[in-house]
Structure formats: C-alpha cells, structure tokens
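Engineer: So I've got this file, final_21.cif, and it contains mmCIF, C-alpha atoms (C1' of nucleotides):
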```
data_final
#
loop_
_atom_site.label_atom_id
_atom_site.label_comp_id
_atom_site.auth_asym_id
_atom_site.auth_seq_id
_atom_site.Cartn_x
_atom_site.Cartn_y
_atom_site.Cartn_z
CA MET A 1 0.00 0.00 0.00
CA PRO A 2 1.17 3.55 -0.54
CA ASN A 3 2.70 5.14 2.48
CA HIS A 4 1.17 8.56 2.03
CA ASP A 5 -1.63 10.25 0.18
CA HIS A 6 -1.05 11.91 -3.13
CA GLN A 7 -2.90 14.71 -4.69
CA MET A 8 -3.89 12.83 -7.81
CA HIS A 9 -4.96 14.75 -10.88
CA GLU A 10 -6.64 14.21 -14.17
CA GLY A 11 -7.91 16.29 -17.05
CA ASP A 12 -8.01 20.03 -16.40
CA SER A 13 -6.90 19.55 -12.83
CA LEU A 14 -3.76 17.79 -13.99
CA ARG A 15 -3.12 20.46 -16.58
CA GLU A 16 -3.40 23.16 -13.96
CA ALA A 17 -1.18 21.30 -11.52
CA ALA A 18 1.42 20.88 -14.25
CA ARG A 19 1.22 24.51 -15.19
CA GLY A 20 1.62 25.59 -11.58
CA ARG A 21 4.54 23.27 -11.02
CA LEU A 22 6.33 24.41 -14.15
CA GLU A 23 5.90 28.07 -13.31
CA GLU A 24 7.28 27.41 -9.82
CA THR A 25 10.51 26.34 -11.46
CA GLY A 26 10.74 29.72 -13.20
CA GLU A 27 9.71 28.44 -16.63
CA ARG A 28 6.91 29.71 -18.79
CA TRP A 29 3.75 27.81 -19.63
CA THR A 30 3.60 28.53 -23.35
CA GLY A 31 1.04 27.43 -25.91
CA MET A 32 3.49 24.93 -27.34
CA ARG A 33 4.23 23.47 -23.92
CA ALA A 34 0.55 23.23 -23.14
CA ALA A 35 -0.05 21.45 -26.44
CA VAL A 36 2.74 18.96 -25.77
CA PHE A 37 1.47 18.34 -22.27
CA ASP A 38 -2.07 17.81 -23.49
CA ALA A 39 -0.88 15.40 -26.14
CA LEU A 40 1.22 13.48 -23.65
CA ALA A 41 -1.59 13.32 -21.09
CA GLY A 42 -4.01 12.29 -23.83
CA PHE A 43 -2.22 9.03 -24.51
CA ASP A 44 -3.30 6.08 -22.42
CA ARG A 45 0.16 4.54 -22.62
CA PRO A 46 3.76 5.66 -22.91
CA ALA A 47 4.20 7.81 -25.99
CA SER A 48 7.36 8.37 -27.98
CA ALA A 49 8.50 11.88 -28.85
CA TYR A 50 7.49 11.18 -32.43
CA ASP A 51 4.01 10.03 -31.38
CA ILE A 52 3.63 13.30 -29.52
CA ALA A 53 5.00 15.33 -32.41
CA GLU A 54 2.38 13.75 -34.63
CA ALA A 55 -0.43 14.39 -32.17
CA VAL A 56 0.60 18.01 -31.70
CA SER A 57 0.93 18.46 -35.45
CA LYS A 58 -2.67 17.35 -35.77
CA SER A 59 -4.00 19.53 -32.97
CA GLN A 60 -2.09 22.58 -34.24
CA GLU A 61 -2.78 21.91 -37.90
CA ARG A 62 0.86 22.48 -38.80
CA ARG A 63 3.99 20.41 -38.81
CA VAL A 64 5.77 20.23 -35.46
CA ALA A 65 9.26 18.73 -35.53
CA ALA A 66 10.50 16.08 -33.16
CA ASN A 67 13.30 18.16 -31.75
CA SER A 68 10.91 20.79 -30.42
CA VAL A 69 9.05 18.03 -28.67
CA TYR A 70 12.27 16.60 -27.25
CA ARG A 71 13.23 19.98 -25.84
CA ILE A 72 9.92 20.33 -24.08
CA LEU A 73 9.88 16.74 -22.85
CA ASP A 74 13.33 17.22 -21.33
CA LEU A 75 12.04 20.29 -19.58
CA PHE A 76 9.02 18.38 -18.32
CA VAL A 77 11.12 15.52 -17.03
CA GLY A 78 13.38 17.99 -15.25
CA ALA A 79 10.39 19.67 -13.65
CA ASN A 80 8.74 16.36 -12.69
CA LEU A 81 5.79 16.89 -15.03
CA ALA A 82 6.68 13.80 -17.01
CA ARG A 83 8.72 10.66 -16.72
CA ARG A 84 10.77 8.79 -19.23
CA VAL A 85 10.18 5.06 -19.55
CA GLU A 86 13.66 3.86 -20.45
CA SER A 87 12.76 0.38 -21.54
CA ALA A 88 10.20 1.75 -23.99
CA ASN A 89 11.99 4.89 -25.22
CA ALA A 90 8.84 6.75 -24.33
CA TYR A 91 7.30 9.23 -21.94
CA VAL A 92 4.30 9.42 -19.62
CA ALA A 93 2.67 12.35 -17.83
CA ASN A 94 3.19 12.37 -14.10
CA GLN A 95 -0.15 12.28 -12.30
CA HIS A 96 1.15 14.12 -9.26
CA PRO A 97 3.81 16.57 -10.36
CA ASP A 98 3.99 18.19 -6.94
CA CYS A 99 5.40 15.15 -5.30
CA LEU A 100 8.82 13.67 -5.96
CA HIS A 101 9.38 9.91 -5.91
CA ASP A 102 11.54 7.21 -7.28
CA CYS A 103 8.85 5.45 -9.18
CA ILE A 104 8.19 2.00 -10.52
CA PHE A 105 6.61 1.30 -13.88
CA LEU A 106 4.78 -1.91 -14.69
CA ILE A 107 4.70 -2.16 -18.46
CA CYS A 108 2.49 -4.72 -20.17
CA ASP A 109 4.22 -6.32 -23.14
CA SER A 110 0.84 -7.30 -24.51
CA CYS A 111 -1.23 -4.10 -24.46
CA GLY A 112 1.48 -1.52 -23.86
CA GLN A 113 -0.19 0.04 -20.83
CA ALA A 114 2.08 1.31 -18.10
CA VAL A 115 1.07 1.53 -14.47
CA HIS A 116 2.97 3.83 -12.18
CA LEU A 117 3.63 2.74 -8.60
CA ASP A 118 5.28 4.68 -5.83
CA ASP A 119 6.78 2.41 -3.25
CA ASP A 120 9.34 4.15 -1.11
CA LYS A 121 10.17 0.91 0.65
CA VAL A 122 11.28 -0.80 -2.55
CA SER A 123 13.09 2.20 -3.94
CA GLY A 124 14.74 2.75 -0.58
CA GLY A 125 16.00 -0.82 -0.72
CA ILE A 126 17.55 -0.13 -4.10
CA ARG A 127 19.16 3.08 -2.96
CA ASP A 128 20.53 1.23 0.08
CA ALA A 129 21.92 -1.54 -2.11
CA ALA A 130 23.61 1.05 -4.31
CA ALA A 131 25.00 2.93 -1.33
CA GLY A 132 26.33 -0.36 0.04
CA ALA A 133 28.40 -0.67 -3.12
CA GLY A 134 29.81 2.83 -2.64
CA PHE A 135 27.58 4.21 -5.36
CA SER A 136 25.86 7.55 -5.14
CA ALA A 137 22.42 7.12 -6.71
CA SER A 138 20.90 10.03 -8.57
CA ARG A 139 18.21 8.41 -10.68
CA PRO A 140 16.93 4.89 -10.12
CA VAL A 141 15.28 3.27 -13.12
CA ILE A 142 12.82 0.67 -11.92
CA GLU A 143 10.65 -0.87 -14.58
CA VAL A 144 9.00 -4.24 -14.78
CA ARG A 145 8.08 -5.80 -18.09
CA GLY A 146 5.39 -8.42 -17.95
CA THR A 147 1.66 -8.90 -18.37
CA CYS A 148 -1.04 -6.80 -16.78
CA GLU A 149 -4.09 -8.18 -15.03
CA ASP A 150 -6.43 -7.59 -17.98
CA CYS A 151 -4.16 -9.25 -20.51
CA GLY A 152 -3.35 -12.13 -18.21
CA ASP A 153 -7.00 -12.96 -17.43
CA ALA A 154 -7.98 -14.13 -20.85
CA ASP A 155 -5.17 -15.33 -23.05
CA SER A 156 -6.66 -13.78 -26.16
CA MET B 1 26.09 -8.96 0.90
CA PRO B 2 25.29 -11.59 -1.72
CA ASN B 3 23.06 -14.33 -0.47
CA HIS B 4 24.82 -17.16 -2.22
CA ASP B 5 28.09 -17.93 -3.92
CA HIS B 6 28.51 -17.55 -7.62
CA GLN B 7 30.88 -19.24 -9.92
CA MET B 8 32.51 -16.07 -11.17
CA HIS B 9 34.46 -16.15 -14.41
CA GLU B 10 36.89 -14.06 -16.36
CA GLY B 11 38.99 -14.40 -19.47
CA ASP B 12 39.20 -17.90 -20.89
CA SER B 13 37.18 -19.30 -18.03
CA LEU B 14 34.32 -16.96 -18.84
CA ARG B 15 34.56 -17.78 -22.51
CA GLU B 16 34.35 -21.50 -21.76
CA ALA B 17 31.46 -21.04 -19.35
CA ALA B 18 29.62 -19.05 -21.99
CA ARG B 19 30.31 -21.64 -24.63
CA GLY B 20 29.09 -24.43 -22.39
CA ARG B 21 25.95 -22.55 -21.44
CA LEU B 22 25.11 -21.71 -25.04
CA GLU B 23 25.60 -25.28 -26.20
CA GLU B 24 23.34 -26.48 -23.40
CA THR B 25 20.54 -24.47 -24.98
CA GLY B 26 21.02 -26.37 -28.23
CA GLU B 27 22.79 -23.55 -30.04
CA ARG B 28 26.17 -23.69 -31.75
CA TRP B 29 29.29 -21.86 -30.62
CA THR B 30 30.41 -20.52 -33.98
CA GLY B 31 33.44 -18.41 -34.80
CA MET B 32 31.27 -15.35 -35.26
CA ARG B 33 29.56 -15.88 -31.92
CA ALA B 34 32.89 -16.35 -30.19
CA ALA B 35 34.17 -13.13 -31.77
CA VAL B 36 31.11 -11.19 -30.62
CA PHE B 37 31.41 -12.62 -27.15
CA ASP B 38 35.10 -11.78 -26.94
CA ALA B 39 34.45 -8.24 -28.11
CA LEU B 40 31.64 -7.80 -25.60
CA ALA B 41 33.68 -9.22 -22.74
CA GLY B 42 36.63 -7.06 -23.78
CA PHE B 43 34.80 -3.82 -23.06
CA ASP B 44 35.09 -2.50 -19.54
CA ARG B 45 31.70 -0.84 -19.77
CA PRO B 46 28.38 -1.40 -21.51
CA ALA B 47 28.89 -1.54 -25.26
CA SER B 48 26.38 -0.76 -27.97
CA ALA B 49 25.77 -3.21 -30.77
CA TYR B 50 27.55 -0.78 -33.06
CA ASP B 51 30.58 -0.59 -30.77
CA ILE B 52 30.75 -4.35 -30.88
CA ALA B 53 30.30 -4.46 -34.65
CA GLU B 54 33.26 -2.12 -34.96
CA ALA B 55 35.41 -4.15 -32.58
CA VAL B 56 34.58 -7.38 -34.37
CA SER B 57 35.24 -5.78 -37.74
CA LYS B 58 38.70 -4.90 -36.50
CA SER B 59 39.46 -8.31 -35.02
CA GLN B 60 38.19 -10.10 -38.14
CA GLU B 61 39.72 -7.64 -40.59
CA ARG B 62 36.50 -7.40 -42.56
CA ARG B 63 33.32 -5.42 -42.25
CA VAL B 64 30.74 -6.95 -39.93
CA ALA B 65 27.29 -5.41 -40.10
CA ALA B 66 25.36 -4.34 -37.04
CA ASN B 67 22.40 -6.56 -37.75
CA SER B 68 24.51 -9.69 -37.44
CA VAL B 69 25.68 -8.45 -34.08
CA TYR B 70 22.11 -7.78 -32.98
CA ARG B 71 21.08 -11.30 -33.89
CA ILE B 72 23.86 -12.73 -31.82
CA LEU B 73 23.32 -10.38 -28.90
CA ASP B 74 19.64 -11.32 -28.79
CA LEU B 75 20.68 -14.94 -28.70
CA PHE B 76 23.13 -14.21 -25.89
CA VAL B 77 20.56 -12.33 -23.85
CA GLY B 78 18.12 -15.20 -24.30
CA ALA B 79 20.73 -17.69 -23.13
CA ASN B 80 21.82 -15.51 -20.18
CA LEU B 81 25.30 -14.94 -21.60
CA ALA B 82 24.73 -11.21 -21.79
CA ARG B 83 22.43 -8.57 -20.39
CA ARG B 84 20.95 -5.51 -21.96
CA VAL B 85 21.29 -2.22 -20.09
CA GLU B 86 18.08 -0.47 -21.06
CA SER B 87 18.97 2.99 -19.87
CA ALA B 88 22.14 2.94 -21.97
CA ASN B 89 20.94 1.03 -25.05
CA ALA B 90 23.93 -1.21 -24.52
CA TYR B 91 25.00 -4.69 -23.51
CA VAL B 92 27.33 -6.29 -20.98
CA ALA B 93 28.67 -9.83 -20.68
CA ASN B 94 27.22 -11.80 -17.80
CA GLN B 95 30.00 -12.93 -15.46
CA HIS B 96 28.12 -16.01 -14.31
CA PRO B 97 26.01 -17.29 -17.14
CA ASP B 98 25.09 -20.46 -15.31
CA CYS B 99 23.10 -18.64 -12.72
CA LEU B 100 19.85 -16.79 -13.34
CA HIS B 101 19.01 -13.60 -11.45
CA ASP B 102 17.09 -10.43 -11.69
CA CYS B 103 20.04 -8.12 -11.59
CA ILE B 104 20.74 -4.55 -10.67
CA PHE B 105 23.08 -2.28 -12.62
CA LEU B 106 24.78 0.73 -11.11
CA ILE B 107 25.80 2.93 -14.03
CA CYS B 108 28.15 5.84 -13.49
CA ASP B 109 27.11 8.90 -15.48
CA SER B 110 30.64 10.21 -15.21
CA CYS B 111 32.85 7.33 -16.34
CA GLY B 112 30.30 5.02 -17.92
CA GLN B 113 31.28 1.99 -15.88
CA ALA B 114 28.49 -0.38 -14.90
CA VAL B 115 28.57 -2.56 -11.82
CA HIS B 116 26.34 -5.58 -11.68
CA LEU B 117 24.71 -6.53 -8.37
CA ASP B 118 22.56 -9.51 -7.57
CA ASP B 119 20.29 -8.86 -4.68
CA ASP B 120 17.40 -11.27 -4.52
CA LYS B 121 15.91 -9.41 -1.58
CA VAL B 122 15.52 -6.18 -3.53
CA SER B 123 14.36 -7.84 -6.71
CA GLY B 124 11.96 -9.97 -4.70
CA GLY B 125 10.50 -6.79 -3.25
CA ILE B 126 9.93 -5.46 -6.73
CA ARG B 127 8.31 -8.65 -7.93
CA ASP B 128 6.08 -8.60 -4.84
CA ALA B 129 5.10 -5.00 -5.48
CA ALA B 130 4.22 -5.88 -9.06
CA ALA B 131 2.26 -8.95 -8.01
CA GLY B 132 0.39 -6.80 -5.48
CA ALA B 133 -0.84 -4.70 -8.39
CA GLY B 134 -2.08 -7.79 -10.24
CA PHE B 135 0.86 -7.69 -12.60
CA SER B 136 2.72 -10.75 -13.74
CA ALA B 137 6.40 -9.83 -13.92
CA SER B 138 8.54 -11.41 -16.58
CA ARG B 139 11.55 -9.13 -16.75
CA PRO B 140 12.41 -6.57 -14.09
CA VAL B 141 14.65 -3.73 -15.25
CA ILE B 142 16.52 -2.36 -12.26
CA GLU B 143 19.17 0.20 -13.05
CA VAL B 144 20.56 3.05 -11.02
CA ARG B 145 22.15 6.06 -12.66
CA GLY B 146 24.53 8.01 -10.46
CA THR B 147 28.18 8.37 -9.59
CA CYS B 148 30.55 5.57 -8.72
CA GLU B 149 32.94 5.58 -5.81
CA ASP B 150 35.98 6.48 -7.93
CA CYS B 151 34.30 9.39 -9.69
CA GLY B 152 32.72 10.67 -6.48
CA ASP B 153 35.98 10.68 -4.49
CA ALA B 154 37.70 13.40 -6.40
CA ASP B 155 35.49 15.78 -8.31
CA SER B 156 37.87 16.00 -11.26
"C1'" DG C 1 9.41 51.19 -30.94
"C1'" DC C 2 13.53 48.52 -29.76
"C1'" DG C 3 17.03 45.59 -27.82
"C1'" DT C 4 17.64 41.35 -25.43
"C1'" DG C 5 17.24 36.67 -24.26
"C1'" DA C 6 14.19 32.78 -24.27
"C1'" DA C 7 11.42 29.79 -27.11
"C1'" DT C 8 10.59 27.66 -31.24
"C1'" DG C 9 11.36 26.49 -36.25
"C1'" DT C 10 14.13 24.23 -39.91
"C1'" DA C 11 17.21 21.10 -41.69
"C1'" DA C 12 20.55 17.93 -41.40
"C1'" DT C 13 22.65 14.23 -39.29
"C1'" DG C 14 23.80 10.64 -35.95
"C1'" DT C 15 22.49 6.49 -33.39
"C1'" DT C 16 19.84 2.44 -32.50
"C1'" DG C 17 17.00 -1.36 -34.07
"C1'" DT C 18 14.31 -4.38 -37.67
"C1'" DA C 19 12.85 -6.53 -41.98
"C1'" DT C 20 13.76 -8.92 -46.09
"C1'" DC C 21 15.96 -11.51 -49.11
"C1'" DC C 22 20.03 -14.06 -50.43
"C1'" DT C 23 24.30 -17.02 -50.13
"C1'" DG C 24 27.11 -20.60 -48.50
"C1'" DA C 25 28.16 -24.40 -45.34
"C1'" DC C 26 26.67 -28.47 -43.55
"C1'" DC C 27 24.05 -32.67 -43.00
"C1'" DC C 28 21.42 -36.45 -44.52
"C1'" DG C 29 19.09 -39.71 -47.23
"C1'" DA C 30 18.26 -41.66 -52.03
"C1'" DT D 1 27.06 -38.04 -56.02
"C1'" DC D 2 23.11 -35.63 -56.33
"C1'" DG D 3 19.33 -33.19 -54.49
"C1'" DG D 4 17.00 -31.01 -50.82
"C1'" DG D 5 16.57 -29.19 -46.05
"C1'" DT D 6 18.25 -26.31 -42.41
"C1'" DC D 7 20.55 -22.65 -40.37
"C1'" DA D 8 24.21 -19.04 -39.61
"C1'" DG D 9 25.41 -15.11 -41.44
"C1'" DG D 10 25.82 -11.32 -45.25
"C1'" DA D 11 23.83 -7.36 -47.77
"C1'" DT D 12 20.74 -3.90 -48.14
"C1'" DA D 13 17.26 -1.06 -47.00
"C1'" DC D 14 14.59 1.20 -43.91
"C1'" DA D 15 12.17 2.48 -39.50
"C1'" DA D 16 12.50 4.54 -35.03
"C1'" DC D 17 14.77 7.34 -31.76
"C1'" DA D 18 17.70 11.37 -30.63
"C1'" DT D 19 20.82 15.39 -31.20
"C1'" DT D 20 23.09 19.36 -33.35
"C1'" DA D 21 23.64 23.87 -35.52
"C1'" DC D 22 21.78 27.68 -36.81
"C1'" DA D 23 17.89 30.84 -38.15
"C1'" DT D 24 13.69 33.05 -36.80
"C1'" DT D 25 10.09 34.69 -33.84
"C1'" DC D 26 8.16 36.15 -29.56
"C1'" DA D 27 7.63 38.30 -24.91
"C1'" DC D 28 9.07 41.60 -21.96
"C1'" DG D 29 11.53 45.54 -19.96
"C1'" DC D 30 12.89 49.84 -21.21
#
```
Using structure tokens, write down the structure that the file contains.

Structural biologist:
Amino acid sequence: MPNHDHQMHEGDSLREAARGRLEETGERWTGMRAAVFDALAGFDRPASAYDIAEAVSKSQERRVAANSVYRILDLFVGANLARRVESANAYVANQHPDCLHDCIFLICDSCGQAVHLDDDKVSGGIRDAAAGAGFSASRPVIEVRGTCEDCGDADS
Amino acid sequence: MPNHDHQMHEGDSLREAARGRLEETGERWTGMRAAVFDALAGFDRPASAYDIAEAVSKSQERRVAANSVYRILDLFVGANLARRVESANAYVANQHPDCLHDCIFLICDSCGQAVHLDDDKVSGGIRDAAAGAGFSASRPVIEVRGTCEDCGDADS
DNA sequence: GCGTGAATGTAATGTTGTATCCTGACCCGA
DNA sequence: TCGGGTCAGGATACAACATTACATTCACGC
C-alpha cells in the first residue's frame, strides 16, 4: 500500500497542476508546452516523442518537428511533469507533479499500458543496495516488463 | 552482501562457461559468436551493438554489419550470456552465465562503468510490489544512474 | 518602438534497431 | 554423387529514436 496520500490529478486539474509546477521552477507555460502536455496526457500509454510530435501536429494543424518536442519533454522531465520510460523509449505524464518519488513502472508487453507505482520501501532498498556498493544514486530506473491483469486474465 | 556464492568467471574461463551454457541451450558456438562474445567481454563498460560491430570488424579484418551483431546479442541475452542495459541502449557480458538472477546495474554517469549486483531481496520486493498490483512480472529492469565511488571521491 | 534573451522552427545528421531476401556451409538420405 | 533441407550469417534497405547547428520569432523591460 502507498505510504502517504497523493494529490492525484486528471484532465483540467492535472493540466493546472502541471502549469503551476512548471511556473514554480521559473519556466513559462507557453502554448506549445501546453499542447505537448495535453498530447502526452491524452495518450493512455507511454508515448514516444514522435508520437507526440504527430499528435501536436494534428492539434495545431501544422507540422511540429521532433526536436521541439524533445526539448519540451526534457524540460518536463526535469520539472517532474513527465517521466521517461527507459525500456520503452517513451514518456508518460506524471499524475502528481507536486510530489517527488523514485517510481516503478509496470509495463504490459501485450497491451502496452504502463502503471505507475510509488513504493518508497522498494526504492529505498535499491538506494541502500547502491549505497552499500559505494555508489551515489541520482536516478533509479525501476521498470517491470510483464503482463497486466487484464491481458493475463484471458489469453486472447 | 550476496546471499549465495557464484561461480565467477573471467577471461578464458568466462569464454568456456559461456560456450558451455550456449551449447546447453542447443545452439552452436560458432566463430562469429565467439568473436562477438570476446568483443563484448573485452569492453570494460556497456557496449552498444555498433561498438561491438566495430570491434569485431577490426578483429576479423572485414566489415561486420550491425544486424549480425544484434542477432547474436539477442541470442546471448536469451541464453543468459549477456544482459541488456536499457537505460544505456547497450550490452554487458554476464560474469556467471550459469546462474539466473534479476540483476541490478549501477551505471556511473561520469565514467560510464556499470557494476552488476545480484540482490534477490531487492528484486523480490519489486516482484512482490508488481504482483500486489495484479501484474505478472517477466523481466524486471533495475538500473541506477549516479556516480561511482571512484568518480565521487575526487570531483575532477 | 527597440534591444535582449528565451522559445521555437528548420534542416541535417547521428544512433539504434528491424525486416527482407540471399548465399554458403553443412548434414542427410536416395 | 546428387538433391534437398536447415541454419548461420551477409547485404541492403529502412524504420525509429535522438541530437546538433543555426535561423527566426516572440515576450518583456525599457
């Protein structure tokens, strides 16, 4: 079970939380950044920068290049608005940008969905193991590939 | 501390262990596979498929294409002779191919070295956390980016 | 208005990973 | 010895992911 309550967000509430968080870091919430955030949050699974570029191109009715998207995604990751899923070369919106965690992703190899867990006990164990090897951890990457409940139920 | 002893290998011993393990799976230990394994084991840090292709090209004195290397690396990963480091898009030789673990990589962002830990307690915790969310884990990816002891000592 | 720096656009290029089809070595049975 | 099957690997092309350099535009203080 989680060891504290999060302010969870969705839809407009998430957008506003993201905007607030980004502005706290001294960055601007521009139209382009809003469009990228909306596109990212609109996916129900991890989205690649190119997926997002395509979605934004559609919503803006003009071509948006990948590198603009990369710039903004890097900014988002730095500000905790988004996370990178390393094993999928993709990104997800962070549902609670105000709250910093080492997080765990459960990624279904069948449907592509990614669930985000926060378990400070597990991540603490990893940080301890790293520290025990004389290693100073800055960014744990904890991802589990496998099969989600829905896909496991019925072997389609 | 590790919770059991491994048969650790290096040099020729590692090569022989790898060969034995691969042949146990019903695959052949060909010259090309040996060359790829030697190249991989010769790197002191995670190596990309293209790094390995280049090294093998040199040792064979002919051009070896990346896709051949990928095929062989996939085979190695499947047979537990090598591991993929997801956060670096790279591969490392497994020092004890006879022994299957969820493993933890500590990757130094400064020098690029990767240390391989086996800690069944930590990985068990992750599998438990996944199971608690109804998720059937097949392949945990546990990597920690940070700074190793050597690079942290003196801030060059 | 106008200069300045931040944000974004444009284009090219580099890196990583896959797909497809083909060749050559080897084995095996007729 | 001939044919056919299998499989490792080669060649090529291409798809997907990511970065770089430089030009242009925009917001804001003055």

Engineer: Return the single residue from B:Ser59, B:Ser13, B:Ser87, B:Ser68 that is closest to chain D, with distances computed using all atoms listed in the file.

Structural biologist: B:Ser68

Engineer: Can you work out the spacing between CA of Leu73 (chain A) and CA of Ile142 (chain B) in Å, to one decimal?

Structural biologist: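 These atoms are spaced 22.8 Å apart.
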
Engineer: Hey, what comes out of the PyMOL selection byres ((chain B) within 12 of (chain D)) on this file? Could you write it as a PyMOL selection string?

Structural biologist: chain B and resi 27-33+62-72+89

Engineer: I'd like to see the residues matched by the PyMOL selection byres ((chain C) within 12 of (chain B)) on this file, and ideally I'd get them as an NGL selection string.

Structural biologist: :C and (15-19)

Engineer: Could the residues of chain A that have an atom at most 7 Å from chain B be listed as a tab-separated table, each with its closest atom pair and the distance in Å to one decimal, counting only C-alpha atoms and ordered by chain and ascending residue number?

Structural biologist:
```
residue	atom	partner	partner_atom	distance
A:Glu86	CA	B:Ser87	CA	5.4
A:Ser87	CA	B:Glu86	CA	5.4
A:Leu106	CA	B:Ala130	CA	6.9
A:Val122	CA	B:Gly125	CA	6.1
A:Gly125	CA	B:Val122	CA	6.1
A:Ile126	CA	B:Val122	CA	6.4
A:Ala130	CA	B:Leu106	CA	6.9
A:Gly134	CA	B:Glu149	CA	5.2
A:Phe135	CA	B:Cys148	CA	4.7
A:Ser136	CA	B:Thr147	CA	5.1
A:Ala137	CA	B:Gly146	CA	4.4
A:Ser138	CA	B:Gly146	CA	4.6
A:Arg139	CA	B:Arg145	CA	5.0
A:Pro140	CA	B:Val144	CA	4.2
A:Val141	CA	B:Glu143	CA	5.0
A:Ile142	CA	B:Ile142	CA	4.8
A:Glu143	CA	B:Val141	CA	5.0
A:Val144	CA	B:Pro140	CA	4.2
A:Arg145	CA	B:Arg139	CA	5.0
A:Gly146	CA	B:Ala137	CA	4.4
A:Thr147	CA	B:Ser136	CA	5.1
A:Cys148	CA	B:Phe135	CA	4.7
A:Glu149	CA	B:Gly134	CA	5.2
```

Engineer: Once the PyMOL selection byres ((chain B and resi 22) around 12) is applied to the coordinates I shared, what remains selected? I want it as a PyMOL selection string.

Structural biologist: chain B and resi 15-21+23-30+33-34+37+72+75-82+97-98

Engineer: For CA of Ala93 (chain B) and CA of Leu40 (chain B), quote the distance in Å rounded to one decimal.

Structural biologist: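 So the answer is 6.1 Å.
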
Engineer: One decimal, in Å: what's the spacing between CA of Asp44 (chain A) and CA of Leu100 (chain A)?

Structural biologist: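 Rounded to one decimal, the two atoms are 21.8 Å apart.
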